[in-house]
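Novice: What follows is data00.cif; its format and atoms are mmCIF, C-alpha atoms.
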data_target
loop_
_atom_site.label_atom_id
_atom_site.label_comp_id
_atom_site.auth_asym_id
_atom_site.auth_seq_id
_atom_site.Cartn_x
_atom_site.Cartn_y
_atom_site.Cartn_z
CA CYS A 1 33.51 -152.08 -50.99
CA ARG A 2 34.43 -155.71 -50.44
CA ASP A 3 32.75 -158.50 -48.42
CA ALA A 4 30.56 -156.11 -46.43
CA ASP A 5 26.89 -155.28 -45.91
CA VAL A 6 26.37 -151.69 -47.05
CA LEU A 7 23.32 -149.40 -47.01
CA VAL A 8 23.35 -146.14 -49.00
CA GLU A 9 20.49 -143.63 -48.78
CA ARG A 10 19.78 -140.25 -50.41
CA THR A 11 23.25 -139.94 -51.95
CA VAL A 12 24.50 -138.66 -55.32
CA PHE A 13 27.58 -140.22 -56.96
CA ALA A 14 28.67 -138.00 -59.86
CA GLY A 15 31.46 -137.44 -62.35
CA SER A 16 33.88 -140.21 -61.44
CA VAL A 17 36.37 -141.72 -63.89
CA GLY A 18 37.98 -145.12 -63.39
CA TYR A 19 37.82 -148.76 -64.33
CA ALA A 20 35.26 -151.44 -63.39
CA GLY A 21 32.63 -149.70 -61.27
CA ALA A 22 33.85 -146.17 -61.83
CA GLY A 23 30.82 -144.93 -59.90
CA ILE A 24 30.43 -147.80 -57.43
CA ALA A 25 32.29 -151.13 -57.26
CA VAL A 26 31.21 -153.92 -54.91
CA THR A 27 32.57 -157.44 -54.42
CA GLY A 28 30.97 -159.89 -52.02
CA GLY A 29 28.43 -159.20 -49.30
CA ARG A 30 25.22 -157.23 -49.76
CA PHE A 31 24.76 -153.75 -51.19
CA GLU A 32 21.49 -151.85 -50.73
CA MET A 33 20.83 -148.38 -52.14
CA ARG A 34 17.73 -146.24 -51.73
CA ALA A 35 16.65 -142.90 -53.21
CA SER A 36 20.09 -142.27 -54.71
CA ILE A 37 21.60 -141.25 -58.06
CA VAL A 38 24.68 -142.44 -59.96
CA ARG A 39 25.48 -140.15 -62.89
CA ASP A 40 28.21 -139.18 -65.34
CA ALA A 41 30.61 -141.99 -64.42
CA ILE A 42 33.10 -143.09 -67.09
CA ALA A 43 34.69 -146.56 -67.08
CA LEU A 44 37.85 -146.91 -69.15
CA GLY A 45 37.69 -150.18 -71.07
CA SER A 46 36.04 -151.93 -68.13
CA PRO A 47 32.48 -153.09 -67.34
CA GLY A 48 29.93 -151.27 -65.22
CA ALA A 49 30.48 -147.53 -65.40
CA GLY A 50 27.71 -146.70 -62.93
CA LEU A 51 27.90 -149.84 -60.79
CA PHE A 52 29.91 -153.04 -61.08
CA ALA A 53 29.02 -155.99 -58.87
CA SER A 54 30.78 -159.32 -58.45
CA ASP A 55 29.52 -162.09 -56.13
CA THR A 56 27.15 -159.59 -54.52
CA GLU A 57 23.46 -159.28 -53.61
CA ILE A 58 22.25 -155.90 -54.88
CA SER A 59 19.01 -154.17 -53.86
CA LEU A 60 17.94 -150.86 -55.42
CA ASP A 61 14.87 -148.84 -54.50
CA ARG A 62 13.93 -145.51 -56.15
CA CYS A 63 17.36 -144.96 -57.67
CA ALA A 64 18.60 -143.52 -60.98
CA PHE A 65 21.54 -144.32 -63.23
CA GLU A 66 22.06 -141.44 -65.65
CA ARG A 67 24.58 -140.71 -68.42
CA ASN A 68 27.12 -143.31 -67.35
CA GLU A 69 29.42 -144.55 -70.11
CA VAL A 70 31.85 -147.38 -70.79
CA LEU A 71 34.64 -146.33 -73.15
CA GLY A 72 35.87 -149.34 -75.11
CA SER A 73 34.54 -152.80 -75.89
CA ARG A 74 32.89 -153.67 -72.58
CA GLU A 75 29.42 -153.92 -71.13
CA GLY A 76 27.10 -152.29 -68.62
CA GLY A 77 26.98 -148.53 -68.98
CA GLY A 78 24.55 -148.28 -66.06
CA ILE A 79 25.16 -151.56 -64.23
CA ALA A 80 27.20 -154.70 -64.93
CA LEU A 81 26.66 -157.89 -62.90
CA GLN A 82 28.98 -160.86 -62.60
CA THR A 83 27.84 -163.85 -60.50
CA SER A 84 25.52 -161.48 -58.67
CA THR A 85 21.82 -160.98 -58.00
CA LEU A 86 19.96 -157.72 -58.50
CA VAL A 87 16.52 -156.68 -57.28
CA ALA A 88 15.57 -153.19 -58.49
CA ARG A 89 12.32 -151.36 -57.78
CA ASP A 90 11.19 -148.02 -59.22
CA THR A 91 14.63 -147.37 -60.65
CA ALA A 92 15.47 -145.38 -63.81
CA PHE A 93 18.21 -146.11 -66.36
CA ILE A 94 18.61 -142.97 -68.46
CA ARG A 95 21.03 -142.25 -71.35
CA ASN A 96 23.73 -144.74 -70.40
CA LYS A 97 26.18 -145.99 -73.06
CA SER A 98 28.28 -149.10 -73.65
CA GLU A 99 28.95 -151.64 -76.38
CA VAL A 100 26.53 -154.19 -74.88
CA GLY A 101 23.89 -153.89 -72.16
CA ALA A 102 23.97 -150.11 -71.99
CA GLY A 103 21.34 -149.83 -69.26
CA LEU A 104 21.96 -153.15 -67.53
CA ASP A 105 24.17 -156.13 -68.35
CA VAL A 106 23.28 -159.36 -66.53
CA GLY A 107 26.49 -161.33 -66.85
CA SER A 108 27.48 -164.94 -66.32
CA GLY A 109 25.91 -166.59 -63.27
CA SER A 110 23.78 -163.52 -62.55
CA THR A 111 20.07 -162.83 -62.22
CA ALA A 112 18.07 -159.61 -62.19
CA THR A 113 14.51 -158.88 -61.09
CA LEU A 114 13.16 -155.47 -62.09
CA ASP A 115 9.83 -154.01 -60.98
CA GLY A 116 8.41 -150.65 -62.04
CA CYS A 117 11.58 -149.44 -63.75
CA ILE A 118 12.23 -147.12 -66.71
CA PHE A 119 14.80 -147.48 -69.51
CA ASP A 120 15.00 -144.36 -71.64
CA GLY A 121 17.63 -143.07 -74.07
CA ASN A 122 20.25 -145.77 -73.45
CA ARG A 123 22.56 -146.52 -76.35
CA SER A 124 24.59 -149.62 -77.23
CA GLN A 125 26.63 -150.60 -80.24
CA PHE A 126 25.34 -154.15 -80.23
CA ALA A 127 22.94 -156.24 -78.12
CA GLY A 128 20.83 -154.84 -75.35
CA ALA A 129 20.63 -151.07 -75.47
CA ALA A 130 18.33 -151.37 -72.45
CA VAL A 131 19.04 -154.86 -71.03
CA SER A 132 21.36 -157.70 -72.02
CA SER A 133 20.96 -161.03 -70.22
CA VAL A 134 22.65 -163.23 -72.81
CA ALA A 135 24.83 -164.87 -70.15
CA GLY A 136 22.34 -164.59 -67.26
CA SER A 137 18.59 -164.13 -66.85
CA ALA A 138 16.22 -161.26 -66.11
CA VAL A 139 12.62 -160.99 -64.94
CA ILE A 140 11.24 -157.58 -65.89
CA ARG A 141 7.80 -156.48 -64.66
CA ASP A 142 5.71 -153.31 -64.99
CA THR A 143 8.57 -151.55 -66.75
CA VAL A 144 8.64 -149.02 -69.60
CA VAL A 145 11.37 -149.33 -72.25
CA GLY A 146 11.36 -146.46 -74.77
CA GLY A 147 13.66 -144.26 -76.82
CA ASN A 148 16.67 -146.58 -76.63
CA ASP A 149 19.05 -147.09 -79.58
CA SER A 150 21.45 -149.84 -80.65
CA ASP A 151 23.13 -147.70 -83.32
CA GLY A 152 21.31 -149.63 -86.06
CA GLN A 153 23.81 -152.49 -86.00
CA SER A 154 22.47 -155.67 -87.62
CA SER A 155 23.03 -157.60 -84.39
CA GLY A 156 21.77 -154.79 -82.20
CA SER A 157 18.65 -155.14 -80.05
CA ILE A 158 17.01 -153.33 -77.14
CA ILE A 159 16.30 -156.26 -74.79
CA GLU A 160 18.24 -159.43 -75.53
CA GLY A 161 18.94 -162.68 -73.73
CA PHE A 162 16.88 -164.91 -71.48
CA GLY A 163 14.11 -164.21 -69.00
CA ARG A 164 10.56 -162.91 -68.83
CA LEU A 165 8.79 -159.66 -69.67
CA GLU A 166 5.54 -159.22 -67.78
CA ARG A 167 3.18 -156.23 -68.02
CA CYS A 168 5.87 -154.20 -69.79
CA THR A 169 5.72 -151.58 -72.54
CA VAL A 170 8.45 -151.58 -75.22
CA PHE A 171 7.83 -148.60 -77.49
CA GLY A 172 9.66 -146.31 -79.90
CA ASN A 173 13.10 -147.91 -79.78
CA VAL A 174 15.55 -148.13 -82.72
CA ALA A 175 17.62 -151.27 -83.27
CA GLY A 176 19.25 -153.27 -86.03
CA SER A 177 17.20 -156.37 -85.19
CA PRO A 178 13.87 -156.85 -83.37
CA ALA A 179 13.63 -154.81 -80.19
CA VAL A 180 13.02 -157.89 -78.00
CA ALA A 181 15.23 -160.79 -79.05
CA GLY A 182 16.64 -164.05 -77.70
CA GLY A 183 14.75 -166.33 -75.33
CA PHE A 184 12.41 -164.01 -73.45
CA ASP A 185 8.86 -165.02 -72.58
CA VAL A 186 6.61 -162.02 -73.25
CA VAL A 187 3.46 -161.99 -71.11
CA ALA A 188 0.70 -159.37 -70.85
CA SER A 189 2.98 -156.79 -72.45
CA SER A 190 2.90 -154.42 -75.42
CA ALA A 191 5.64 -153.93 -78.01
CA TRP A 192 5.00 -151.64 -80.97
CA ARG A 193 6.50 -148.86 -83.12
CA ASN A 194 10.00 -150.25 -82.62
CA LEU A 195 12.34 -150.22 -85.62
CA PRO A 196 12.88 -152.40 -87.57
CA SER A 197 10.42 -154.72 -85.77
CA ASP A 198 9.16 -155.59 -82.33
CA VAL A 199 9.66 -159.18 -81.11
CA THR A 200 11.44 -162.38 -82.11
CA THR A 201 11.99 -164.96 -79.39
CA THR A 202 12.54 -168.65 -78.77
CA GLY A 203 10.28 -168.15 -75.75
CA ALA A 204 6.49 -167.83 -75.59
CA VAL A 205 4.33 -164.79 -76.27
CA ARG A 206 1.02 -164.70 -74.40
CA ASP A 207 -1.81 -162.21 -73.94
CA SER A 208 0.19 -159.35 -75.44
CA LEU A 209 -0.16 -156.54 -77.98
CA ILE A 210 2.62 -156.88 -80.56
CA GLY A 211 3.07 -154.76 -83.67
CA THR A 212 5.34 -157.20 -85.52
CA LEU A 213 6.03 -160.68 -84.18
CA ASP A 214 8.70 -162.40 -86.24
CA ALA A 215 8.90 -165.67 -84.31
CA ALA A 216 8.01 -167.33 -81.01
CA SER A 217 7.89 -170.89 -79.68
CA GLU A 218 4.30 -170.40 -78.51
CA ILE A 219 1.74 -167.73 -79.35
CA VAL A 220 -1.43 -167.45 -77.26
CA GLY A 221 -3.90 -164.56 -77.16
CA VAL A 222 -1.74 -162.14 -79.11
CA LEU A 223 -3.15 -159.13 -80.95
CA GLN A 224 -0.83 -158.11 -83.78
CA SER A 225 -1.38 -154.58 -85.08
CA ASP A 226 -0.40 -151.00 -84.41
CA PRO A 227 -2.68 -149.75 -81.59
CA ARG A 228 -3.12 -146.46 -83.44
CA PHE A 229 -5.22 -148.36 -85.97
CA TRP A 230 -7.31 -150.58 -83.72
CA GLY A 231 -10.97 -150.71 -84.58
CA THR A 232 -13.91 -151.37 -82.32
CA SER A 233 -14.03 -155.03 -83.36
CA GLU A 234 -10.45 -155.57 -82.24
CA LEU A 235 -11.09 -154.14 -78.79
CA THR A 236 -14.13 -156.28 -77.96
#
For the structure just supplied, provide its representation as structure tokens.
Specialist:
Amino acid sequence: CRDADVLVERTVFAGSVGYAGAGIAVTGGRFEMRASIVRDAIALGSPGAGLFASDTEISLDRCAFERNEVLGSREGGGIALQTSTLVARDTAFIRNKSEVGAGLDVGSGSTATLDGCIFDGNRSQFAGAAVSSVAGSAVIRDTVVGGNDSDGQSSGSIIEGFGRLERCTVFGNVAGSPAVAGGFDVVASSAWRNLPSDVTTTGAVRDSLIGTLDAASEIVGVLQSDPRFWGTSELT
């Protein structure tokens, strides 16, 4: 759709093959989707297999993006944003694939705010198996990120770019570099049992439980250890 205000409810988009936005493509206007699923879309050498948005305000509530894939060297298996804003609540990104930003790619001039979401089983070749906001920014709250894979590439990560993680859990992901990388602030969150390590950031890490913290611009109230081995003294 183009330059329109659209509301989609209780709808399943499945099995489409195309280019940018093989599942859903929107340009301009406002796009709102509730209680809907986008699955098994394949984008041929173009960004955003599940959903591609350009110059658009996107709102998602209780949606799922499952098994969407970009074939070729492009981004956003689940969603790709360009000069757009995204607000997503209680939305799942499951087993999407692309070279970068397999779950969600926040592109140039774009912002994303995620609350209560799940990223599970997404797979990228390089940065951001779950989320890439290298060219944009993302605020991620109360979200679970687990079981994602960046194919073990040396530049691969699970969450990469700029933004803020708040009250999030990043657990059991496999990457070629730390699971959370770039310029994210990490606040009141836990990151542990990620391979090869958990967090390196030019941002701040505060009031968080981190298994391995390689670098941060500011470290305040951080407990560094594997929670499986916490003793009573560490919990009081």
Novice: What does the PyMOL selection byres ((chain A and resi 5) around 10) select in this file, as a list in words?
Specialist: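 After applying the PyMOL selection byres ((chain A and resi 5) around 10), what remains is Cys1, Arg2, Asp3, Ala4, Val6, Leu7, Gly28, Gly29, Arg30, Phe31, Glu32, Thr56 and Glu57 of chain A.
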Novice: May I have the protein, DNA and RNA residues with an atom at most 12 Å from (18.4, -145.0, -72.4), counting only C-alpha atoms in the file's coordinates, returned as a CSV table (one decimal) with C-alpha atoms, in the coordinates of the input?
Specialist:
chain,number,residue,atom,x,y,z
A,64,ALA,CA,18.6,-143.5,-61.0
A,65,PHE,CA,21.5,-144.3,-63.2
A,66,GLU,CA,22.1,-141.4,-65.6
A,67,ARG,CA,24.6,-140.7,-68.4
A,68,ASN,CA,27.1,-143.3,-67.4
A,69,GLU,CA,29.4,-144.6,-70.1
A,76,GLY,CA,27.1,-152.3,-68.6
A,77,GLY,CA,27.0,-148.5,-69.0
A,78,GLY,CA,24.6,-148.3,-66.1
A,92,ALA,CA,15.5,-145.4,-63.8
A,93,PHE,CA,18.2,-146.1,-66.4
A,94,ILE,CA,18.6,-143.0,-68.5
A,95,ARG,CA,21.0,-142.2,-71.4
A,96,ASN,CA,23.7,-144.7,-70.4
A,97,LYS,CA,26.2,-146.0,-73.1
A,98,SER,CA,28.3,-149.1,-73.6
A,101,GLY,CA,23.9,-153.9,-72.2
A,102,ALA,CA,24.0,-150.1,-72.0
A,103,GLY,CA,21.3,-149.8,-69.3
A,104,LEU,CA,22.0,-153.2,-67.5
A,117,CYS,CA,11.6,-149.4,-63.8
A,118,ILE,CA,12.2,-147.1,-66.7
A,119,PHE,CA,14.8,-147.5,-69.5
A,120,ASP,CA,15.0,-144.4,-71.6
A,121,GLY,CA,17.6,-143.1,-74.1
A,122,ASN,CA,20.2,-145.8,-73.4
A,123,ARG,CA,22.6,-146.5,-76.4
A,124,SER,CA,24.6,-149.6,-77.2
A,128,GLY,CA,20.8,-154.8,-75.4
A,129,ALA,CA,20.6,-151.1,-75.5
A,130,ALA,CA,18.3,-151.4,-72.4
A,131,VAL,CA,19.0,-154.9,-71.0
A,144,VAL,CA,8.6,-149.0,-69.6
A,145,VAL,CA,11.4,-149.3,-72.2
A,146,GLY,CA,11.4,-146.5,-74.8
A,147,GLY,CA,13.7,-144.3,-76.8
A,148,ASN,CA,16.7,-146.6,-76.6
A,149,ASP,CA,19.0,-147.1,-79.6
A,150,SER,CA,21.4,-149.8,-80.6
A,158,ILE,CA,17.0,-153.3,-77.1
A,159,ILE,CA,16.3,-156.3,-74.8
A,172,GLY,CA,9.7,-146.3,-79.9
A,173,ASN,CA,13.1,-147.9,-79.8
A,174,VAL,CA,15.6,-148.1,-82.7
Novice: Find the distance between atom CA of Ser208 of chain A and atom CA of Arg164 of chain A and write it in Å to one decimal.
Specialist: 12.8 Å
Novice: Return as a ChimeraX atom specification the set of residues that the PyMOL selection byres ((chain A and resi 42-45) around 7) yields on the displayed structure.
Specialist: /A:16-22,40-41,46-49,68-74
Novice: My list of candidates is A:Asp214, A:Asp55, A:Asp185, A:Glu9. Which is closest to Ile140 of chain A when distances are computed with all atoms listed in the file?
Specialist: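 Ranking A:Asp214, A:Asp55, A:Asp185, A:Glu9 by distance to Ile140 of chain A, first place goes to A:Asp185.
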Novice: Could you add N, CA, C and O atoms to segment 57-78 of chain A and give me the result as a PDB file, in the coordinates of the input?
Specialist:
ATOM      1  N   GLU A  57      24.903-159.474 -53.571  1.00  0.00           N
ATOM      2  CA  GLU A  57      23.460-159.280 -53.610  1.00  0.00           C
ATOM      3  C   GLU A  57      23.182-157.783 -53.637  1.00  0.00           C
ATOM      4  O   GLU A  57      23.559-157.067 -52.715  1.00  0.00           O
ATOM      5  N   ILE A  58      22.506-157.333 -54.700  1.00  0.00           N
ATOM      6  CA  ILE A  58      22.250-155.900 -54.880  1.00  0.00           C
ATOM      7  C   ILE A  58      20.749-155.635 -54.737  1.00  0.00           C
ATOM      8  O   ILE A  58      19.927-156.331 -55.346  1.00  0.00           O
ATOM      9  N   SER A  59      20.395-154.610 -53.983  1.00  0.00           N
ATOM     10  CA  SER A  59      19.010-154.170 -53.860  1.00  0.00           C
ATOM     11  C   SER A  59      18.961-152.665 -54.130  1.00  0.00           C
ATOM     12  O   SER A  59      19.684-151.889 -53.490  1.00  0.00           O
ATOM     13  N   LEU A  60      18.103-152.274 -55.086  1.00  0.00           N
ATOM     14  CA  LEU A  60      17.940-150.860 -55.420  1.00  0.00           C
ATOM     15  C   LEU A  60      16.478-150.473 -55.277  1.00  0.00           C
ATOM     16  O   LEU A  60      15.592-151.186 -55.744  1.00  0.00           O
ATOM     17  N   ASP A  61      16.230-149.328 -54.679  1.00  0.00           N
ATOM     18  CA  ASP A  61      14.870-148.840 -54.500  1.00  0.00           C
ATOM     19  C   ASP A  61      14.846-147.333 -54.763  1.00  0.00           C
ATOM     20  O   ASP A  61      15.555-146.574 -54.116  1.00  0.00           O
ATOM     21  N   ARG A  62      14.089-146.933 -55.788  1.00  0.00           N
ATOM     22  CA  ARG A  62      13.930-145.510 -56.150  1.00  0.00           C
ATOM     23  C   ARG A  62      15.277-144.847 -56.450  1.00  0.00           C
ATOM     24  O   ARG A  62      15.572-143.759 -55.958  1.00  0.00           O
ATOM     25  N   CYS A  63      16.057-145.496 -57.285  1.00  0.00           N
ATOM     26  CA  CYS A  63      17.360-144.960 -57.670  1.00  0.00           C
ATOM     27  C   CYS A  63      17.370-144.568 -59.140  1.00  0.00           C
ATOM     28  O   CYS A  63      16.438-144.849 -59.886  1.00  0.00           O
ATOM     29  N   ALA A  64      18.441-143.890 -59.570  1.00  0.00           N
ATOM     30  CA  ALA A  64      18.600-143.520 -60.980  1.00  0.00           C
ATOM     31  C   ALA A  64      20.048-143.669 -61.386  1.00  0.00           C
ATOM     32  O   ALA A  64      20.961-143.306 -60.634  1.00  0.00           O
ATOM     33  N   PHE A  65      20.231-144.210 -62.604  1.00  0.00           N
ATOM     34  CA  PHE A  65      21.540-144.320 -63.230  1.00  0.00           C
ATOM     35  C   PHE A  65      21.485-143.521 -64.522  1.00  0.00           C
ATOM     36  O   PHE A  65      20.782-143.897 -65.458  1.00  0.00           O
ATOM     37  N   GLU A  66      22.204-142.406 -64.565  1.00  0.00           N
ATOM     38  CA  GLU A  66      22.060-141.440 -65.650  1.00  0.00           C
ATOM     39  C   GLU A  66      23.403-141.116 -66.291  1.00  0.00           C
ATOM     40  O   GLU A  66      24.386-140.804 -65.602  1.00  0.00           O
ATOM     41  N   ARG A  67      23.447-141.193 -67.604  1.00  0.00           N
ATOM     42  CA  ARG A  67      24.580-140.710 -68.420  1.00  0.00           C
ATOM     43  C   ARG A  67      25.908-141.335 -68.018  1.00  0.00           C
ATOM     44  O   ARG A  67      26.959-140.699 -68.095  1.00  0.00           O
ATOM     45  N   ASN A  68      25.877-142.583 -67.618  1.00  0.00           N
ATOM     46  CA  ASN A  68      27.120-143.310 -67.350  1.00  0.00           C
ATOM     47  C   ASN A  68      27.589-143.981 -68.642  1.00  0.00           C
ATOM     48  O   ASN A  68      26.781-144.411 -69.448  1.00  0.00           O
ATOM     49  N   GLU A  69      28.915-144.073 -68.822  1.00  0.00           N
ATOM     50  CA  GLU A  69      29.420-144.550 -70.110  1.00  0.00           C
ATOM     51  C   GLU A  69      30.659-145.428 -69.949  1.00  0.00           C
ATOM     52  O   GLU A  69      31.575-145.094 -69.191  1.00  0.00           O
ATOM     53  N   VAL A  70      30.658-146.543 -70.681  1.00  0.00           N
ATOM     54  CA  VAL A  70      31.850-147.380 -70.790  1.00  0.00           C
ATOM     55  C   VAL A  70      32.562-147.021 -72.084  1.00  0.00           C
ATOM     56  O   VAL A  70      31.975-147.103 -73.164  1.00  0.00           O
ATOM     57  N   LEU A  71      33.817-146.621 -71.975  1.00  0.00           N
ATOM     58  CA  LEU A  71      34.640-146.330 -73.150  1.00  0.00           C
ATOM     59  C   LEU A  71      35.428-147.587 -73.506  1.00  0.00           C
ATOM     60  O   LEU A  71      36.212-148.079 -72.700  1.00  0.00           O
ATOM     61  N   GLY A  72      35.209-148.107 -74.719  1.00  0.00           N
ATOM     62  CA  GLY A  72      35.870-149.340 -75.110  1.00  0.00           C
ATOM     63  C   GLY A  72      34.869-150.474 -75.237  1.00  0.00           C
ATOM     64  O   GLY A  72      33.665-150.312 -75.048  1.00  0.00           O
ATOM     65  N   SER A  73      35.382-151.647 -75.551  1.00  0.00           N
ATOM     66  CA  SER A  73      34.540-152.800 -75.890  1.00  0.00           C
ATOM     67  C   SER A  73      34.137-153.597 -74.664  1.00  0.00           C
ATOM     68  O   SER A  73      34.470-154.780 -74.520  1.00  0.00           O
ATOM     69  N   ARG A  74      33.386-152.961 -73.755  1.00  0.00           N
ATOM     70  CA  ARG A  74      32.890-153.670 -72.580  1.00  0.00           C
ATOM     71  C   ARG A  74      31.422-153.343 -72.354  1.00  0.00           C
ATOM     72  O   ARG A  74      30.820-152.574 -73.087  1.00  0.00           O
ATOM     73  N   GLU A  75      30.857-153.908 -71.307  1.00  0.00           N
ATOM     74  CA  GLU A  75      29.420-153.920 -71.130  1.00  0.00           C
ATOM     75  C   GLU A  75      28.986-153.145 -69.880  1.00  0.00           C
ATOM     76  O   GLU A  75      29.786-152.876 -68.998  1.00  0.00           O
ATOM     77  N   GLY A  76      27.679-152.827 -69.850  1.00  0.00           N
ATOM     78  CA  GLY A  76      27.100-152.290 -68.620  1.00  0.00           C
ATOM     79  C   GLY A  76      27.364-150.823 -68.383  1.00  0.00           C
ATOM     80  O   GLY A  76      28.033-150.472 -67.406  1.00  0.00           O
ATOM     81  N   GLY A  77      26.822-149.963 -69.230  1.00  0.00           N
ATOM     82  CA  GLY A  77      26.980-148.530 -68.980  1.00  0.00           C
ATOM     83  C   GLY A  77      26.399-148.117 -67.641  1.00  0.00           C
ATOM     84  O   GLY A  77      27.031-147.419 -66.850  1.00  0.00           O
ATOM     85  N   GLY A  78      25.161-148.557 -67.359  1.00  0.00           N
ATOM     86  CA  GLY A  78      24.550-148.280 -66.060  1.00  0.00           C
ATOM     87  C   GLY A  78      25.042-149.223 -64.993  1.00  0.00           C
ATOM     88  O   GLY A  78      25.641-148.818 -64.000  1.00  0.00           O
TER      89      GLY A  78
END
